[in-house]
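The file work.csv contains CSV, C-alpha atoms:
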chain,number,residue,atom,x,y,z
A,1,MET,CA,-19.6,19.6,16.0
A,2,SER,CA,-20.8,16.4,17.5
A,3,ARG,CA,-20.2,15.5,21.1
A,4,ARG,CA,-18.6,12.2,19.8
A,5,ASP,CA,-16.0,14.2,17.9
A,6,TYR,CA,-12.9,13.0,19.7
A,7,LEU,CA,-9.3,13.7,18.8
A,8,GLY,CA,-7.3,11.0,17.0
A,9,GLU,CA,-4.1,9.6,18.7
A,10,PHE,CA,-1.7,11.9,16.9
A,11,GLU,CA,-4.0,14.9,17.0
A,12,HIS,CA,-4.2,14.4,20.7
A,13,MET,CA,-0.4,14.3,21.0
A,14,VAL,CA,0.1,17.4,18.9
A,15,ILE,CA,-2.5,19.5,20.9
A,16,LEU,CA,-0.9,18.4,24.2
A,17,ALA,CA,2.5,19.5,22.8
A,18,LEU,CA,1.1,22.9,21.8
A,19,LEU,CA,-0.3,23.3,25.3
A,20,ARG,CA,3.1,22.4,26.9
A,21,LEU,CA,5.0,24.7,24.6
A,22,ALA,CA,2.6,27.7,24.9
A,23,ASP,CA,3.9,30.6,22.9
A,24,ARG,CA,7.0,28.7,21.7
A,25,ALA,CA,5.0,26.3,19.6
A,26,TYR,CA,6.0,26.0,15.9
A,27,GLY,CA,6.9,23.1,13.7
A,28,VAL,CA,10.4,22.4,15.1
A,29,THR,CA,9.5,22.6,18.8
A,30,VAL,CA,6.3,20.6,18.4
A,31,ARG,CA,8.2,17.8,16.5
A,32,GLN,CA,11.0,17.7,19.1
A,33,GLU,CA,8.6,17.8,22.0
A,34,ILE,CA,6.7,14.8,20.6
A,35,GLU,CA,9.9,13.0,19.8
A,36,VAL,CA,11.5,13.5,23.2
A,37,ARG,CA,8.4,12.5,25.2
A,38,THR,CA,7.3,9.6,23.1
A,39,HIS,CA,10.6,8.3,21.6
A,40,ARG,CA,9.0,8.2,18.2
A,41,GLU,CA,10.5,9.8,15.1
A,42,VAL,CA,8.0,12.1,13.6
A,43,SER,CA,8.2,13.8,10.2
A,44,ILE,CA,7.6,17.5,9.9
A,45,GLY,CA,5.1,16.7,7.2
A,46,ALA,CA,3.0,14.7,9.7
A,47,ILE,CA,3.1,17.6,12.1
A,48,TYR,CA,1.9,20.1,9.5
A,49,ALA,CA,-0.7,17.8,8.0
A,50,THR,CA,-2.2,17.3,11.5
A,51,LEU,CA,-1.9,21.0,12.4
A,52,ASP,CA,-3.7,22.0,9.2
A,53,ARG,CA,-6.4,19.5,9.9
A,54,LEU,CA,-6.8,20.8,13.5
A,55,GLU,CA,-6.9,24.4,12.2
A,56,ALA,CA,-9.6,23.5,9.7
A,57,LYS,CA,-11.6,22.1,12.7
A,58,GLY,CA,-11.1,25.3,14.7
A,59,TYR,CA,-9.0,23.6,17.4
A,60,VAL,CA,-5.8,25.6,16.8
A,61,LYS,CA,-4.9,29.0,15.3
A,62,SER,CA,-1.7,29.9,13.5
A,63,ARG,CA,0.2,33.2,12.9
A,64,LEU,CA,3.5,33.9,11.0
A,65,GLY,CA,6.5,35.2,12.9
A,66,GLU,CA,9.4,37.2,11.7
A,67,PRO,CA,11.8,35.7,9.1
A,68,THR,CA,15.0,34.6,10.7
A,69,PRO,CA,18.5,34.0,9.2
A,70,GLU,CA,19.0,30.5,10.5
A,71,ARG,CA,15.9,29.5,8.6
A,72,GLY,CA,17.1,31.0,5.3
A,73,GLY,CA,15.0,34.1,5.7
A,74,ARG,CA,11.8,32.1,6.2
A,75,SER,CA,9.2,32.8,8.8
A,76,LYS,CA,8.1,30.5,11.7
A,77,ARG,CA,4.5,29.5,11.8
A,78,PHE,CA,3.4,29.7,15.5
A,79,PHE,CA,0.4,27.7,16.7
A,80,ARG,CA,-1.9,28.1,19.7
A,81,VAL,CA,-4.8,26.0,21.0
A,82,THR,CA,-8.3,27.6,20.9
A,83,ALA,CA,-11.0,27.3,23.5
A,84,LYS,CA,-12.7,24.8,21.2
A,85,GLY,CA,-9.4,22.8,21.1
A,86,VAL,CA,-9.1,22.7,24.9
A,87,THR,CA,-12.7,21.4,25.1
A,88,ALA,CA,-11.8,18.7,22.6
A,89,VAL,CA,-8.8,17.7,24.6
A,90,ASN,CA,-10.8,17.5,27.8
A,91,ARG,CA,-13.5,15.4,26.1
A,92,THR,CA,-10.9,13.0,24.7
A,93,GLN,CA,-9.0,12.8,28.0
A,94,ARG,CA,-12.2,12.1,29.9
A,95,ALA,CA,-13.2,9.4,27.4
A,96,LEU,CA,-9.8,7.8,27.7
A,97,HIS,CA,-9.9,8.0,31.5
A,98,ASN,CA,-13.4,6.4,31.5
A,99,MET,CA,-12.1,3.6,29.3
A,100,THR,CA,-9.0,2.9,31.4
A,101,GLU,CA,-10.5,3.3,34.8
A,102,GLY,CA,-10.4,0.1,36.8
A,103,LEU,CA,-8.1,-1.7,34.4
A,104,GLY,CA,-5.0,-1.5,36.7
A,105,LEU,CA,-2.8,-0.7,33.7
A,106,VAL,CA,-0.1,0.8,35.9
A,107,ARG,CA,0.1,-2.4,37.9
A,108,CYS,CA,0.3,-4.5,34.7
A,109,TYR,CA,3.3,-2.6,33.3
A,110,SER,CA,5.2,-2.3,36.6
B,1,MET,CA,20.1,28.9,20.7
B,2,THR,CA,22.8,29.8,18.2
B,3,TYR,CA,23.7,27.6,15.2
B,4,GLN,CA,27.3,27.4,14.0
B,5,ALA,CA,26.5,25.7,10.7
B,6,ASP,CA,24.7,28.6,9.1
B,7,PHE,CA,26.5,28.1,5.8
B,8,VAL,CA,25.9,24.4,5.4
B,9,GLN,CA,23.3,24.0,2.7
B,10,PRO,CA,20.8,21.1,2.9
B,11,PRO,CA,20.4,18.8,-0.1
B,12,ARG,CA,18.8,21.0,-2.8
B,13,VAL,CA,17.0,18.2,-4.6
B,14,ALA,CA,15.3,17.2,-1.3
B,15,GLY,CA,14.2,20.8,-0.6
B,16,TRP,CA,12.9,21.1,-4.2
B,17,LEU,CA,10.9,17.8,-3.8
B,18,VAL,CA,9.3,19.1,-0.6
B,19,SER,CA,8.3,22.3,-2.2
B,20,LEU,CA,6.7,20.4,-5.1
B,21,PHE,CA,4.3,18.7,-2.7
B,22,THR,CA,3.3,21.6,-0.5
B,23,ALA,CA,1.3,24.8,-1.2
B,24,ALA,CA,3.4,28.0,-1.4
B,25,ALA,CA,2.5,29.1,2.2
B,26,GLY,CA,3.1,25.7,3.7
B,27,ALA,CA,6.4,25.2,1.9
B,28,GLU,CA,7.8,28.3,3.6
B,29,SER,CA,7.2,27.0,7.1
B,30,ILE,CA,8.2,23.4,6.3
B,31,LEU,CA,11.4,24.3,4.5
B,32,GLY,CA,12.3,26.8,7.2
B,33,ASP,CA,11.8,24.2,9.9
B,34,LEU,CA,13.8,21.6,8.1
B,35,LEU,CA,16.7,24.1,7.5
B,36,GLU,CA,16.7,25.1,11.2
B,37,GLU,CA,16.9,21.6,12.4
B,38,TYR,CA,19.4,20.6,9.7
B,39,SER,CA,21.7,23.4,10.7
B,40,HIS,CA,21.5,22.4,14.3
B,41,LEU,CA,22.1,18.7,13.6
B,42,ALA,CA,25.0,19.6,11.2
B,43,SER,CA,26.7,21.6,14.0
B,44,ILE,CA,26.4,18.9,16.7
B,45,SER,CA,26.5,15.6,14.7
B,46,GLY,CA,28.2,16.4,11.4
B,47,VAL,CA,27.0,17.2,7.9
B,48,ALA,CA,26.7,13.5,6.8
B,49,PHE,CA,24.3,12.7,9.7
B,50,ALA,CA,22.3,15.9,9.0
B,51,ARG,CA,22.0,15.2,5.3
B,52,ASN,CA,20.8,11.6,6.1
B,53,TRP,CA,18.3,13.1,8.5
B,54,TYR,CA,17.1,15.7,6.0
B,55,TRP,CA,16.5,13.0,3.3
B,56,ARG,CA,14.7,10.8,5.8
B,57,GLN,CA,12.5,13.7,6.7
B,58,THR,CA,11.9,14.6,3.1
B,59,VAL,CA,10.8,11.1,2.1
B,60,LYS,CA,8.5,10.8,5.2
B,61,THR,CA,7.1,14.3,4.6
B,62,ILE,CA,6.3,13.7,1.0
B,63,ALA,CA,4.7,10.3,1.7
B,64,HIS,CA,2.6,12.0,4.4
B,65,LEU,CA,1.6,15.0,2.3
B,66,PHE,CA,0.8,12.6,-0.6
B,67,GLY,CA,-1.4,10.4,1.6
B,68,THR,CA,-3.1,13.4,3.2
B,69,ALA,CA,-3.9,15.1,-0.1
B,70,PHE,CA,-5.4,11.8,-1.4
B,71,ARG,CA,-7.5,11.3,1.8
B,72,LEU,CA,-8.8,14.9,1.7
B,73,ALA,CA,-10.1,14.6,-1.9
B,74,PRO,CA,-10.3,10.9,-2.9
B,75,TRP,CA,-13.2,11.4,-5.4
B,76,SER,CA,-11.8,14.3,-7.3
B,77,THR,CA,-8.4,12.6,-7.4
B,78,THR,CA,-10.0,9.4,-8.8
B,79,ALA,CA,-12.0,11.5,-11.3
B,80,ALA,CA,-8.8,13.2,-12.4
B,81,VAL,CA,-7.1,9.8,-12.9
B,82,VAL,CA,-10.1,8.4,-14.9
B,83,GLY,CA,-10.3,11.6,-16.9
B,84,GLY,CA,-6.6,11.4,-17.6
B,85,CYS,CA,-6.9,7.8,-18.8
B,86,LEU,CA,-9.7,8.7,-21.2
B,87,LEU,CA,-7.9,11.8,-22.4
B,88,LEU,CA,-4.8,9.6,-23.0
B,89,ARG,CA,-6.7,7.1,-25.1
B,90,PHE,CA,-8.1,9.9,-27.2
B,91,VAL,CA,-4.7,11.7,-27.7
B,92,MET,CA,-3.0,8.4,-28.5
B,93,TRP,CA,-5.7,7.5,-31.0
B,94,LEU,CA,-5.2,10.9,-32.7
B,95,GLY,CA,-1.4,10.4,-32.7
B,96,ASP,CA,-1.7,6.9,-34.2
B,97,LYS,CA,-4.0,8.3,-36.9
B,98,PHE,CA,-1.5,11.0,-37.7
B,99,LEU,CA,1.4,8.6,-37.8
B,100,SER,CA,-0.5,6.2,-40.1
B,101,ALA,CA,-1.6,9.0,-42.4
B,102,VAL,CA,2.0,10.3,-42.8
B,103,THR,CA,3.4,6.8,-43.3
B,104,ASP,CA,0.7,5.9,-45.9
B,105,ARG,CA,1.2,9.1,-47.8
B,106,TYR,CA,5.0,9.1,-48.1
B,107,LEU,CA,5.8,5.4,-48.0
B,108,LEU,CA,5.8,5.1,-51.8
B,109,PHE,CA,8.5,7.8,-52.1
B,110,TRP,CA,10.9,6.2,-49.6
B,111,SER,CA,13.6,4.3,-51.3
B,112,ALA,CA,13.9,1.6,-48.7
B,113,HIS,CA,11.4,0.3,-46.1
B,114,PHE,CA,14.1,0.5,-43.4
B,115,LYS,CA,13.6,4.3,-43.5
B,116,ALA,CA,9.9,3.8,-42.9
B,117,TYR,CA,10.7,1.6,-39.9
B,118,ILE,CA,13.0,4.3,-38.5
B,119,TRP,CA,10.4,7.0,-39.1
B,120,LEU,CA,7.7,4.9,-37.3
B,121,LEU,CA,10.0,4.1,-34.4
B,122,ASN,CA,11.1,7.7,-33.8
B,123,GLY,CA,7.6,8.9,-34.5
B,124,LEU,CA,6.2,6.6,-31.8
B,125,TRP,CA,8.8,7.8,-29.3
B,126,ILE,CA,7.9,11.4,-30.0
B,127,GLU,CA,4.1,10.7,-30.1
B,128,HIS,CA,4.3,8.9,-26.7
B,129,PHE,CA,6.4,11.8,-25.2
B,130,ILE,CA,4.0,14.5,-26.4
B,131,ALA,CA,0.9,12.6,-25.5
B,132,PHE,CA,1.9,11.7,-22.0
B,133,MET,CA,3.4,15.1,-21.3
B,134,PHE,CA,0.2,16.7,-22.6
B,135,VAL,CA,-2.0,14.5,-20.5
B,136,GLY,CA,0.1,15.1,-17.3
B,137,SER,CA,0.0,18.8,-17.9
B,138,VAL,CA,-3.8,18.9,-18.5
B,139,VAL,CA,-4.5,16.7,-15.4
B,140,ALA,CA,-2.3,18.9,-13.3
B,141,PHE,CA,-3.8,22.1,-14.7
B,142,VAL,CA,-7.3,20.9,-13.8
B,143,ALA,CA,-6.4,19.6,-10.3
B,144,LYS,CA,-5.2,23.0,-9.0
B,145,GLY,CA,-3.4,22.7,-5.7
B,146,ARG,CA,-3.1,18.9,-6.0
B,147,GLU,CA,-1.0,18.7,-9.2
B,148,MET,CA,1.5,16.2,-7.9
B,149,VAL,CA,-0.9,13.9,-6.1
B,150,THR,CA,-3.1,13.5,-9.2
B,151,THR,CA,-0.3,13.1,-11.7
B,152,MET,CA,1.6,10.7,-9.4
B,153,THR,CA,-1.6,8.6,-8.9
B,154,LEU,CA,-2.2,8.5,-12.6
B,155,GLY,CA,1.4,7.6,-13.3
B,156,LEU,CA,1.4,4.9,-10.6
B,157,TYR,CA,-1.9,3.5,-12.0
B,158,LEU,CA,-0.5,3.4,-15.6
B,159,GLY,CA,2.8,2.0,-14.4
B,160,THR,CA,1.1,-0.7,-12.4
B,161,MET,CA,-1.1,-1.7,-15.3
B,162,ALA,CA,2.0,-1.8,-17.6
B,163,VAL,CA,3.9,-4.0,-15.2
B,164,ALA,CA,0.9,-6.4,-14.7
B,165,GLY,CA,0.1,-6.4,-18.4
B,166,SER,CA,3.7,-7.1,-19.5
B,167,ILE,CA,4.1,-9.9,-17.0
B,168,ALA,CA,0.8,-11.4,-18.0
B,169,MET,CA,1.7,-11.3,-21.7
B,170,ALA,CA,5.2,-12.6,-21.2
B,171,THR,CA,3.8,-15.5,-19.1
B,172,ARG,CA,1.1,-16.3,-21.7
B,173,THR,CA,3.2,-16.0,-24.8
B,174,GLY,CA,6.6,-17.0,-23.4
B,175,ASP,CA,8.1,-14.0,-25.3
B,176,ASP,CA,10.2,-11.7,-23.1
B,177,TYR,CA,9.8,-8.9,-25.6
B,178,PHE,CA,7.0,-7.5,-23.3
B,179,LEU,CA,9.4,-7.4,-20.4
B,180,TRP,CA,12.0,-5.6,-22.5
B,181,ARG,CA,9.4,-3.0,-23.3
B,182,LEU,CA,8.7,-2.3,-19.6
B,183,PRO,CA,11.2,0.6,-19.2
B,184,TRP,CA,9.5,2.3,-22.1
B,185,PHE,CA,6.1,2.0,-20.5
B,186,LEU,CA,7.4,3.2,-17.1
B,187,ALA,CA,9.1,6.1,-18.8
B,188,ASP,CA,5.6,7.1,-20.1
B,189,SER,CA,4.4,7.2,-16.5
B,190,LEU,CA,7.4,9.3,-15.5
B,191,VAL,CA,6.7,11.8,-18.3
B,192,ILE,CA,3.1,12.3,-16.9
B,193,VAL,CA,4.6,13.1,-13.4
B,194,ILE,CA,7.1,15.5,-15.1
B,195,GLY,CA,4.2,17.2,-16.9
B,196,GLY,CA,2.5,17.7,-13.5
B,197,ALA,CA,5.7,19.0,-11.9
B,198,ILE,CA,6.2,21.6,-14.7
B,199,VAL,CA,2.6,22.9,-14.2
B,200,ARG,CA,3.2,22.9,-10.4
B,201,LEU,CA,6.4,24.9,-10.7
B,202,ARG,CA,4.9,27.3,-13.2
B,203,ARG,CA,2.0,28.0,-10.8
B,204,SER,CA,4.4,28.4,-7.8
B,205,ALA,CA,6.5,30.9,-9.8
B,206,THR,CA,3.4,32.8,-10.8
B,207,ASN,CA,2.1,32.9,-7.2
B,208,THR,CA,5.5,34.1,-5.9
B,209,LEU,CA,5.7,36.9,-8.5
B,210,ARG,CA,2.1,38.1,-8.0
B,211,PRO,CA,1.9,40.8,-5.3
B,212,ASP,CA,-0.6,40.2,-2.4

Could you render the structure as structure tokens?
Amino acid sequence: MSRRDYLGEFEHMVILALLRLADRAYGVTVRQEIEVRTHREVSIGAIYATLDRLEAKGYVKSRLGEPTPERGGRSKRFFRVTAKGVTAVNRTQRALHNMTEGLGLVRCYS
Amino acid sequence: MTYQADFVQPPRVAGWLVSLFTAAAGAESILGDLLEEYSHLASISGVAFARNWYWRQTVKTIAHLFGTAFRLAPWSTTAAVVGGCLLLRFVMWLGDKFLSAVTDRYLLFWSAHFKAYIWLLNGLWIEHFIAFMFVGSVVAFVAKGREMVTTMTLGLYLGTMAVAGSIAMATRTGDDYFLWRLPWFLADSLVIVIGGAIVRLRRSATNTLRPD
């Protein structure tokens, strides 16, 4: 992996949602967390496509839970961020911080 | 959290469409998540709102999965589309040869030319249906795991070419016959996608039945 391998905007949001939700992170909760915090309607397909991509990069890991009746007997797929994923978030956050430092964005929006 | 609307079923067609575009393992999680949120929404906002939400999610999810599948393998998808076009040309050439041969052989025995016209018309319908269904199935069979994205791309390509060609011919000749034929051409594209969906469903059924 290159040191310039930063997370995309939506990947960044999804990983932050996983970190917030900890062991409660699966499709529904991740989608709702992003929707509530960003006021942006997100499709479940977008969440899974991003999570699959992050899993392929080694940034997240998934496991299947027990089937539940309210899901028609289907299992939940729980996700957690790996150490590599945490490193990627930190790198992206640092890059964003470096880019925004000194711009006075808070003052502009207030 | 408990859900009161456990018995409210989401739109079946929408669920079926989602499962067409996702791998068997992915479909289980996605459909489970959709059903969980649908039941919750139906209990707090009503079934009509929940159904609307479910359809919106389905359309967005399919568009996203389609785009992602194409971005992940653009070259193999393009190769499948080009191969499908070449195969279609060959199959149509074979079909035309067959139709011409049968017409030439039996035309003398037919009492009226009207019957020959009817034979050709029906023969063309059947030839088109078989050829496009065959090509859709072959393309889907080769593109394992990406059956829908390849057949839909091929169908969209052929449909776009048909629309552009028909409009160009109608403009050039001033004859609206080409525009009247458009539904026929678009139906051909749809048959390709149906061929892909049949292969996809057969594969899903086989994977479900096979023990791990």

How close does each residue of chain B get to chain A, giving the shortest atom pair and distance in Å to one decimal for every residue with an atom at most 12 Å away, counting all atoms listed in the file, sorted by chain and residue number, as a Markdown table?
| residue | atom | partner | partner_atom | distance |
| --- | --- | --- | --- | --- |
| B:Met1 | CA | A:Glu70 | CA | 10.4 |
| B:Thr2 | CA | A:Glu70 | CA | 8.6 |
| B:Tyr3 | CA | A:Glu70 | CA | 7.3 |
| B:Gln4 | CA | A:Glu70 | CA | 9.5 |
| B:Ala5 | CA | A:Glu70 | CA | 8.9 |
| B:Asp6 | CA | A:Glu70 | CA | 6.2 |
| B:Phe7 | CA | A:Glu70 | CA | 9.2 |
| B:Val8 | CA | A:Glu70 | CA | 10.5 |
| B:Gln9 | CA | A:Gly72 | CA | 9.7 |
| B:Pro10 | CA | A:Gly72 | CA | 10.8 |
| B:Val18 | CA | A:Gly45 | CA | 9.2 |
| B:Ser19 | CA | A:Gly45 | CA | 11.4 |
| B:Phe21 | CA | A:Gly45 | CA | 10.1 |
| B:Thr22 | CA | A:Gly45 | CA | 9.3 |
| B:Ala23 | CA | A:Tyr48 | CA | 11.7 |
| B:Ala25 | CA | A:Arg77 | CA | 9.8 |
| B:Gly26 | CA | A:Tyr48 | CA | 8.2 |
| B:Ala27 | CA | A:Arg74 | CA | 9.8 |
| B:Glu28 | CA | A:Arg74 | CA | 6.1 |
| B:Ser29 | CA | A:Lys76 | CA | 5.8 |
| B:Ile30 | CA | A:Ile44 | CA | 6.9 |
| B:Leu31 | CA | A:Arg74 | CA | 8.0 |
| B:Gly32 | CA | A:Arg71 | CA | 4.7 |
| B:Asp33 | CA | A:Val28 | CA | 5.7 |
| B:Leu34 | CA | A:Ile44 | CA | 7.6 |
| B:Leu35 | CA | A:Arg71 | CA | 5.6 |
| B:Glu36 | CA | A:Arg71 | CA | 5.2 |
| B:Glu37 | CA | A:Val28 | CA | 7.1 |
| B:Tyr38 | CA | A:Arg71 | CA | 9.6 |
| B:Ser39 | CA | A:Glu70 | CA | 7.6 |
| B:His40 | CA | A:Glu70 | CA | 9.3 |
| B:Trp53 | CA | A:Ser43 | CA | 10.3 |
| B:Tyr54 | CA | A:Ser43 | CA | 10.0 |
| B:Trp55 | CA | A:Ser43 | CA | 10.8 |
| B:Arg56 | CA | A:Ser43 | CA | 8.4 |
| B:Gln57 | CA | A:Ser43 | CA | 5.5 |
| B:Thr58 | CA | A:Ser43 | CA | 8.0 |
| B:Val59 | CA | A:Ser43 | CA | 8.9 |
| B:Lys60 | CA | A:Ser43 | CA | 5.8 |
| B:Thr61 | CA | A:Gly45 | CA | 4.1 |
| B:Ile62 | CA | A:Gly45 | CA | 7.0 |
| B:Ala63 | CA | A:Gly45 | CA | 8.4 |
| B:His64 | CA | A:Ala46 | CA | 6.0 |
| B:Leu65 | CA | A:Gly45 | CA | 6.3 |
| B:Phe66 | CA | A:Gly45 | CA | 9.8 |
| B:Gly67 | CA | A:Ala49 | CA | 9.8 |
| B:Thr68 | CA | A:Ala49 | CA | 6.9 |
| B:Ala69 | CA | A:Ala49 | CA | 9.1 |
| B:Arg71 | CA | A:Ala49 | CA | 11.3 |
| B:Leu72 | CA | A:Arg53 | CA | 9.7 |

Export of the given selection (C-alpha atoms) as a compact mmCIF listing (two decimals), in the coordinates of the input:
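Output (again.txt):
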# COMPACT_ATOMS: atom_id res chain seq x y z
CA MET B 1 20.10 28.90 20.70
CA THR B 2 22.80 29.80 18.20
CA TYR B 3 23.70 27.60 15.20
CA GLN B 4 27.30 27.40 14.00
CA ALA B 5 26.50 25.70 10.70
CA ASP B 6 24.70 28.60 9.10
CA PHE B 7 26.50 28.10 5.80
CA VAL B 8 25.90 24.40 5.40
CA GLN B 9 23.30 24.00 2.70
CA PRO B 10 20.80 21.10 2.90
CA VAL B 18 9.30 19.10 -0.60
CA SER B 19 8.30 22.30 -2.20
CA PHE B 21 4.30 18.70 -2.70
CA THR B 22 3.30 21.60 -0.50
CA ALA B 23 1.30 24.80 -1.20
CA ALA B 25 2.50 29.10 2.20
CA GLY B 26 3.10 25.70 3.70
CA ALA B 27 6.40 25.20 1.90
CA GLU B 28 7.80 28.30 3.60
CA SER B 29 7.20 27.00 7.10
CA ILE B 30 8.20 23.40 6.30
CA LEU B 31 11.40 24.30 4.50
CA GLY B 32 12.30 26.80 7.20
CA ASP B 33 11.80 24.20 9.90
CA LEU B 34 13.80 21.60 8.10
CA LEU B 35 16.70 24.10 7.50
CA GLU B 36 16.70 25.10 11.20
CA GLU B 37 16.90 21.60 12.40
CA TYR B 38 19.40 20.60 9.70
CA SER B 39 21.70 23.40 10.70
CA HIS B 40 21.50 22.40 14.30
CA TRP B 53 18.30 13.10 8.50
CA TYR B 54 17.10 15.70 6.00
CA TRP B 55 16.50 13.00 3.30
CA ARG B 56 14.70 10.80 5.80
CA GLN B 57 12.50 13.70 6.70
CA THR B 58 11.90 14.60 3.10
CA VAL B 59 10.80 11.10 2.10
CA LYS B 60 8.50 10.80 5.20
CA THR B 61 7.10 14.30 4.60
CA ILE B 62 6.30 13.70 1.00
CA ALA B 63 4.70 10.30 1.70
CA HIS B 64 2.60 12.00 4.40
CA LEU B 65 1.60 15.00 2.30
CA PHE B 66 0.80 12.60 -0.60
CA GLY B 67 -1.40 10.40 1.60
CA THR B 68 -3.10 13.40 3.20
CA ALA B 69 -3.90 15.10 -0.10
CA ARG B 71 -7.50 11.30 1.80
CA LEU B 72 -8.80 14.90 1.70

Residues near B:Gly195, cut-off 6 Å, only C-alpha atoms, skip fewer than 6 positions along chain, as number ranges by chain
B: 133, 136-137

Can you pull out the residues contacting stretch 11-23 of chain A? Cut-off 9 Å, using all atoms listed in the file, and skip same-chain residues under 3 positions away; I want them as a list in words.
Tyr6, Leu7, Gly8, Tyr26, Thr29, Val30, Arg31, Glu33, Ile34, Ile47, Thr50, Leu51, Arg53, Leu54, Tyr59, Val60, Phe78, Phe79, Arg80, Val81, Gly85, Val86, Ala88, Val89, Thr92 and Gln93 of chain A

Between atom CA of B:Trp75 and atom CA of A:Glu9, measure the distance and give it in Å to one decimal.
25.8 Å

To one decimal place in Å, what is the distance between atom CA of B:Ile130 and atom CA of B:Ser76?
24.8 Å
